[in-house]
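Right, one structure below, let's go through it.
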Amino acid sequence: MSADSPVDPAGEPLLLDGALPEFGFSRLECVALAAAPPVAYEAARGLDLLTIDSPLVNAAMSARGLPERLRGRSMPTPPSLRVADLFDATGEAWEGQPWVALGENPGRELVFGAVGKPWRASIEWRRVEPEHFTSFDEAGWAKMAAAFVVHPYGTQRSLLTYEARTACTDPASTARFGRYWTLVSPGVGVVLRGALRAVRAAAEQGSRPAGARGGDA
């Protein structure tokens, strides 16, 4: 499966199409927000992934701490794991783990991804730097890319999409991932929708007048 066109209905190319133009598996969810696009975008950027129960993020954090645990030491769970940490390179929480920033169109789109073997009982990860992600083709792996995209909806509202795509690097891994995807695809939808609800809540809270926010306390 591939994107039919690198241009979305607004006429602007999607960074996600550049990062992973051809893919075999995908899931896309969307939510309307009572918030202007800049507010929605900042809310997506500030999303704390540790507040969303995502098996892939949980597994990535577990893999990050494995070397320390094998040496008899434990790595504390960071207090937060924001999407922005990937792009700003200021959060130590992302060091030594597989998820990397693949592109940002400020105010509109955030793209990030990882390479792994999610069909295994204990997920195996492969750190691939952003500049090599699209061209990476070593057999036996799945390349996973995800994106938040903000679309204007009227004058003071937004549509926010959250899309996850996967491309495998050879037929055998495609078959393995396909069996895995049959089982987890509904759960992936739950995770994506949970993230969108969290972003919507933050964006709409930020859009309320100060007096209204105070009244909710």
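Each chain of the structure tokens is named A, B, ... in the order shown, its residues numbered from 1; ligands are numbered from 1 in display order.
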task: Just the residues within 8 Å of range 149-164 of chain A, please, counting only C-alpha atoms, with nothing from its chain fewer than 4 positions along; format it as a PyMOL selection string.
output: chain A and resi 26-37+40-41+107-110+144-145+192+196
Those residues with all heavy atoms, as a compact mmCIF listing (two decimals), in the first residue's frame please?
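Saved result, again-v7.txt, follows:
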```
# COMPACT_ATOMS: atom_id res chain seq x y z
N SER A 26 -1.83 0.30 8.33
CA SER A 26 -2.03 1.65 8.84
C SER A 26 -3.29 1.73 9.67
O SER A 26 -4.21 0.90 9.56
CB SER A 26 -2.12 2.67 7.69
OG SER A 26 -3.29 2.46 6.93
N ARG A 27 -3.33 2.74 10.50
CA ARG A 27 -4.51 3.05 11.30
C ARG A 27 -4.55 4.56 11.45
O ARG A 27 -3.53 5.19 11.76
CB ARG A 27 -4.41 2.40 12.68
CG ARG A 27 -5.66 2.56 13.54
CD ARG A 27 -6.57 1.38 13.39
NE ARG A 27 -7.87 1.62 14.03
CZ ARG A 27 -8.68 0.64 14.42
NH1 ARG A 27 -8.34 -0.62 14.23
NH2 ARG A 27 -9.83 0.92 14.98
N LEU A 28 -5.71 5.17 11.22
CA LEU A 28 -5.85 6.62 11.32
C LEU A 28 -7.10 6.95 12.12
O LEU A 28 -8.17 6.40 11.86
CB LEU A 28 -5.91 7.26 9.93
CG LEU A 28 -5.92 8.80 9.90
CD1 LEU A 28 -5.21 9.30 8.64
CD2 LEU A 28 -7.35 9.35 9.94
N GLU A 29 -6.94 7.82 13.09
CA GLU A 29 -8.06 8.30 13.91
C GLU A 29 -8.08 9.82 13.85
O GLU A 29 -7.05 10.46 13.60
CB GLU A 29 -7.93 7.82 15.35
CG GLU A 29 -7.85 6.31 15.52
CD GLU A 29 -9.18 5.60 15.27
OE1 GLU A 29 -10.22 6.29 15.24
OE2 GLU A 29 -9.16 4.37 15.10
N CYS A 30 -9.26 10.40 14.08
CA CYS A 30 -9.42 11.85 13.97
C CYS A 30 -10.37 12.35 15.05
O CYS A 30 -11.28 11.62 15.47
CB CYS A 30 -9.96 12.19 12.59
SG CYS A 30 -10.24 13.95 12.29
N VAL A 31 -10.14 13.58 15.50
CA VAL A 31 -11.03 14.18 16.49
C VAL A 31 -11.17 15.67 16.18
O VAL A 31 -10.24 16.30 15.67
CB VAL A 31 -10.48 13.99 17.92
CG1 VAL A 31 -9.20 14.78 18.15
CG2 VAL A 31 -11.52 14.36 18.97
N ALA A 32 -12.36 16.21 16.44
CA ALA A 32 -12.59 17.65 16.31
C ALA A 32 -12.32 18.31 17.65
O ALA A 32 -12.71 17.79 18.70
CB ALA A 32 -14.02 17.92 15.86
N LEU A 33 -11.67 19.48 17.62
CA LEU A 33 -11.32 20.20 18.83
C LEU A 33 -11.93 21.59 18.79
O LEU A 33 -11.88 22.26 17.76
CB LEU A 33 -9.80 20.34 18.98
CG LEU A 33 -8.94 19.10 19.17
CD1 LEU A 33 -8.71 18.38 17.87
CD2 LEU A 33 -7.61 19.49 19.80
N ALA A 34 -12.47 22.02 19.92
CA ALA A 34 -12.95 23.40 20.05
C ALA A 34 -11.78 24.28 20.45
O ALA A 34 -11.73 24.87 21.53
CB ALA A 34 -14.07 23.47 21.08
N ALA A 35 -10.79 24.33 19.56
CA ALA A 35 -9.57 25.10 19.80
C ALA A 35 -8.97 25.45 18.44
O ALA A 35 -9.07 24.67 17.49
CB ALA A 35 -8.56 24.32 20.63
N ALA A 36 -8.35 26.62 18.35
CA ALA A 36 -7.71 27.04 17.11
C ALA A 36 -6.50 26.16 16.81
O ALA A 36 -5.91 25.57 17.73
CB ALA A 36 -7.28 28.50 17.22
N PRO A 37 -6.11 26.02 15.53
CA PRO A 37 -4.99 25.15 15.17
C PRO A 37 -3.71 25.36 15.97
O PRO A 37 -3.09 24.36 16.38
CB PRO A 37 -4.79 25.43 13.67
CG PRO A 37 -6.17 25.78 13.19
CD PRO A 37 -6.78 26.56 14.32
N ALA A 40 -4.20 23.63 19.29
CA ALA A 40 -4.25 22.18 19.11
C ALA A 40 -2.86 21.61 18.88
O ALA A 40 -2.49 20.57 19.42
CB ALA A 40 -5.17 21.83 17.93
N TYR A 41 -2.07 22.31 18.08
CA TYR A 41 -0.72 21.83 17.78
C TYR A 41 0.15 21.79 19.03
O TYR A 41 0.85 20.80 19.28
CB TYR A 41 -0.07 22.73 16.72
CG TYR A 41 1.32 22.29 16.34
CD1 TYR A 41 1.51 21.25 15.43
CD2 TYR A 41 2.45 22.89 16.88
CE1 TYR A 41 2.78 20.84 15.08
CE2 TYR A 41 3.71 22.48 16.54
CZ TYR A 41 3.87 21.46 15.64
OH TYR A 41 5.14 21.03 15.31
N GLY A 107 3.45 24.07 13.79
CA GLY A 107 2.07 24.50 13.73
C GLY A 107 1.16 23.55 12.99
O GLY A 107 -0.06 23.74 12.97
N ARG A 108 1.74 22.51 12.36
CA ARG A 108 0.91 21.63 11.53
C ARG A 108 1.15 20.14 11.75
O ARG A 108 0.21 19.39 11.96
CB ARG A 108 1.13 21.96 10.06
CG ARG A 108 0.38 21.04 9.12
CD ARG A 108 0.37 21.55 7.71
NE ARG A 108 -0.19 20.57 6.80
CZ ARG A 108 -1.49 20.35 6.67
NH1 ARG A 108 -2.34 21.02 7.41
NH2 ARG A 108 -1.94 19.46 5.81
N GLU A 109 2.41 19.66 11.73
CA GLU A 109 2.64 18.22 11.70
C GLU A 109 3.86 17.82 12.51
O GLU A 109 4.90 18.48 12.48
CB GLU A 109 2.81 17.77 10.24
CG GLU A 109 2.94 16.26 10.06
CD GLU A 109 3.06 15.84 8.60
OE1 GLU A 109 3.16 16.75 7.72
OE2 GLU A 109 3.07 14.64 8.33
N LEU A 110 3.73 16.70 13.22
CA LEU A 110 4.81 16.09 13.98
C LEU A 110 4.90 14.62 13.56
O LEU A 110 3.91 13.89 13.61
CB LEU A 110 4.52 16.15 15.48
CG LEU A 110 4.45 17.55 16.12
CD1 LEU A 110 3.54 17.51 17.33
CD2 LEU A 110 5.85 18.00 16.53
N MET A 144 8.05 1.63 11.76
CA MET A 144 6.79 2.20 12.23
C MET A 144 6.91 3.71 12.31
O MET A 144 7.84 4.23 12.94
CB MET A 144 6.44 1.61 13.59
CG MET A 144 6.21 0.11 13.56
SD MET A 144 6.28 -0.68 15.20
CE MET A 144 8.07 -0.77 15.44
N ALA A 145 6.01 4.41 11.66
CA ALA A 145 6.00 5.88 11.69
C ALA A 145 4.62 6.35 12.10
O ALA A 145 3.60 5.75 11.73
CB ALA A 145 6.38 6.46 10.33
N LEU A 192 -4.64 5.19 19.92
CA LEU A 192 -4.67 6.43 19.15
C LEU A 192 -5.80 7.34 19.61
O LEU A 192 -5.62 8.55 19.78
CB LEU A 192 -4.81 6.14 17.65
CG LEU A 192 -3.71 5.32 16.97
CD1 LEU A 192 -3.95 5.28 15.46
CD2 LEU A 192 -2.34 5.86 17.27
N LEU A 196 -5.67 11.12 21.30
CA LEU A 196 -6.42 12.25 20.75
C LEU A 196 -7.33 12.88 21.81
O LEU A 196 -7.46 14.11 21.88
CB LEU A 196 -7.25 11.80 19.55
CG LEU A 196 -6.46 11.46 18.28
CD1 LEU A 196 -7.39 10.86 17.23
CD2 LEU A 196 -5.75 12.68 17.73
```
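Distances from A:Leu49, A:Ala121, A:Leu86, A:Ala43 to Val100 in chain A were compared using only C-alpha atoms, and the smallest one belongs to A:Leu86.
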task: Have a look at A:Glu42, A:Val83, A:Gly24, A:Ile123 and name the one nearest to Pro171 in chain A; count only C-alpha atoms.
output: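 Closest candidate: A:Gly24.
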task: List the neighbours of Arg120 in chain A out to 10 Å using only C-alpha atoms; skip same-chain residues closer than 3 positions along the sequence, and give me the result as an MDAnalysis selection string.
output: chainID A and resid 116:117 123:124 176:177 180
message: Need the shell around Ala198 in chain A: protein/DNA/RNA residues with any atom at most 9 Å away, counting only C-alpha atoms. Skip same-chain ones fewer than 3 positions apart. Format as a PyMOL selection string?
response: chain A and resi 43-44+47-48+51-52+193-195+201-203
Preceding selection exported with N, CA, C and O atoms as a PDB file, in the first residue's frame:
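Here's the written file selection_36.pdb:
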```pdb
ATOM      1  N   ALA A  43      -0.823  21.518  22.053  1.00  0.00           N
ATOM      2  CA  ALA A  43      -1.315  20.463  22.925  1.00  0.00           C
ATOM      3  C   ALA A  43      -0.806  19.095  22.472  1.00  0.00           C
ATOM      4  O   ALA A  43      -0.446  18.247  23.295  1.00  0.00           O
ATOM      5  N   ALA A  44      -0.769  18.864  21.153  1.00  0.00           N
ATOM      6  CA  ALA A  44      -0.226  17.605  20.634  1.00  0.00           C
ATOM      7  C   ALA A  44       1.265  17.500  20.938  1.00  0.00           C
ATOM      8  O   ALA A  44       1.762  16.443  21.326  1.00  0.00           O
ATOM      9  N   LEU A  47       1.870  16.483  24.544  1.00  0.00           N
ATOM     10  CA  LEU A  47       1.280  15.244  25.035  1.00  0.00           C
ATOM     11  C   LEU A  47       2.316  14.406  25.777  1.00  0.00           C
ATOM     12  O   LEU A  47       3.402  14.133  25.275  1.00  0.00           O
ATOM     13  N   ASP A  48       1.980  13.986  26.980  1.00  0.00           N
ATOM     14  CA  ASP A  48       2.837  13.105  27.775  1.00  0.00           C
ATOM     15  C   ASP A  48       2.463  11.668  27.429  1.00  0.00           C
ATOM     16  O   ASP A  48       1.400  11.179  27.814  1.00  0.00           O
ATOM     17  N   THR A  51       1.153   9.017  29.897  1.00  0.00           N
ATOM     18  CA  THR A  51      -0.232   9.022  30.371  1.00  0.00           C
ATOM     19  C   THR A  51      -1.128   8.180  29.477  1.00  0.00           C
ATOM     20  O   THR A  51      -2.294   7.971  29.800  1.00  0.00           O
ATOM     21  N   ILE A  52      -0.587   7.691  28.346  1.00  0.00           N
ATOM     22  CA  ILE A  52      -1.333   6.857  27.411  1.00  0.00           C
ATOM     23  C   ILE A  52      -0.789   5.446  27.496  1.00  0.00           C
ATOM     24  O   ILE A  52       0.416   5.230  27.332  1.00  0.00           O
ATOM     25  N   ARG A 193      -6.969   6.757  19.826  1.00  0.00           N
ATOM     26  CA  ARG A 193      -8.103   7.567  20.278  1.00  0.00           C
ATOM     27  C   ARG A 193      -7.872   8.116  21.679  1.00  0.00           C
ATOM     28  O   ARG A 193      -8.268   9.251  21.992  1.00  0.00           O
ATOM     29  N   GLY A 194      -7.221   7.325  22.540  1.00  0.00           N
ATOM     30  CA  GLY A 194      -6.902   7.817  23.872  1.00  0.00           C
ATOM     31  C   GLY A 194      -5.965   9.007  23.824  1.00  0.00           C
ATOM     32  O   GLY A 194      -6.128   9.979  24.576  1.00  0.00           O
ATOM     33  N   ALA A 195      -4.969   8.947  22.936  1.00  0.00           N
ATOM     34  CA  ALA A 195      -4.047  10.075  22.785  1.00  0.00           C
ATOM     35  C   ALA A 195      -4.785  11.308  22.270  1.00  0.00           C
ATOM     36  O   ALA A 195      -4.561  12.424  22.750  1.00  0.00           O
ATOM     37  N   ALA A 201      -8.529  17.420  25.353  1.00  0.00           N
ATOM     38  CA  ALA A 201      -8.803  17.959  26.683  1.00  0.00           C
ATOM     39  C   ALA A 201      -7.837  19.088  27.014  1.00  0.00           C
ATOM     40  O   ALA A 201      -8.233  20.143  27.529  1.00  0.00           O
ATOM     41  N   ALA A 202      -6.555  18.884  26.700  1.00  0.00           N
ATOM     42  CA  ALA A 202      -5.556  19.922  26.995  1.00  0.00           C
ATOM     43  C   ALA A 202      -5.785  21.160  26.146  1.00  0.00           C
ATOM     44  O   ALA A 202      -5.685  22.295  26.633  1.00  0.00           O
ATOM     45  N   ALA A 203      -6.091  20.964  24.850  1.00  0.00           N
ATOM     46  CA  ALA A 203      -6.289  22.101  23.954  1.00  0.00           C
ATOM     47  C   ALA A 203      -7.520  22.898  24.340  1.00  0.00           C
ATOM     48  O   ALA A 203      -7.496  24.139  24.372  1.00  0.00           O
TER      49      ALA A 203
END
```
field: Using only C-alpha atoms: which of A:Gly113, A:Gly178, A:Gly18, A:Pro118 has the shortest distance to Trp141 in chain A
entry: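 Among the listed residues, the smallest separation from Trp141 in chain A belongs to A:Pro118.
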- prompt: Counting only C-alpha atoms, which of A:Gln205, A:Thr134, A:Thr182, A:Gln97 gets nearest to Ala167 in chain A?
  reply: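 The closest residue to Ala167 in chain A is A:Thr134.
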query: Nearest to Trp125 in chain A among A:Phe23, A:Phe112, A:Phe148, A:Trp99, with distances taken over only C-alpha atoms: which residue is it?
result: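 Residue with the minimum atom-to-atom distance to Trp125 in chain A: A:Trp99.
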Of the listed residues A:Arg82, A:Arg126, A:Lys143, A:Arg165, that which approaches Asp17 in chain A most closely, counting only C-alpha atoms: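 Among the listed residues, A:Arg165 lies closest to Asp17 in chain A.
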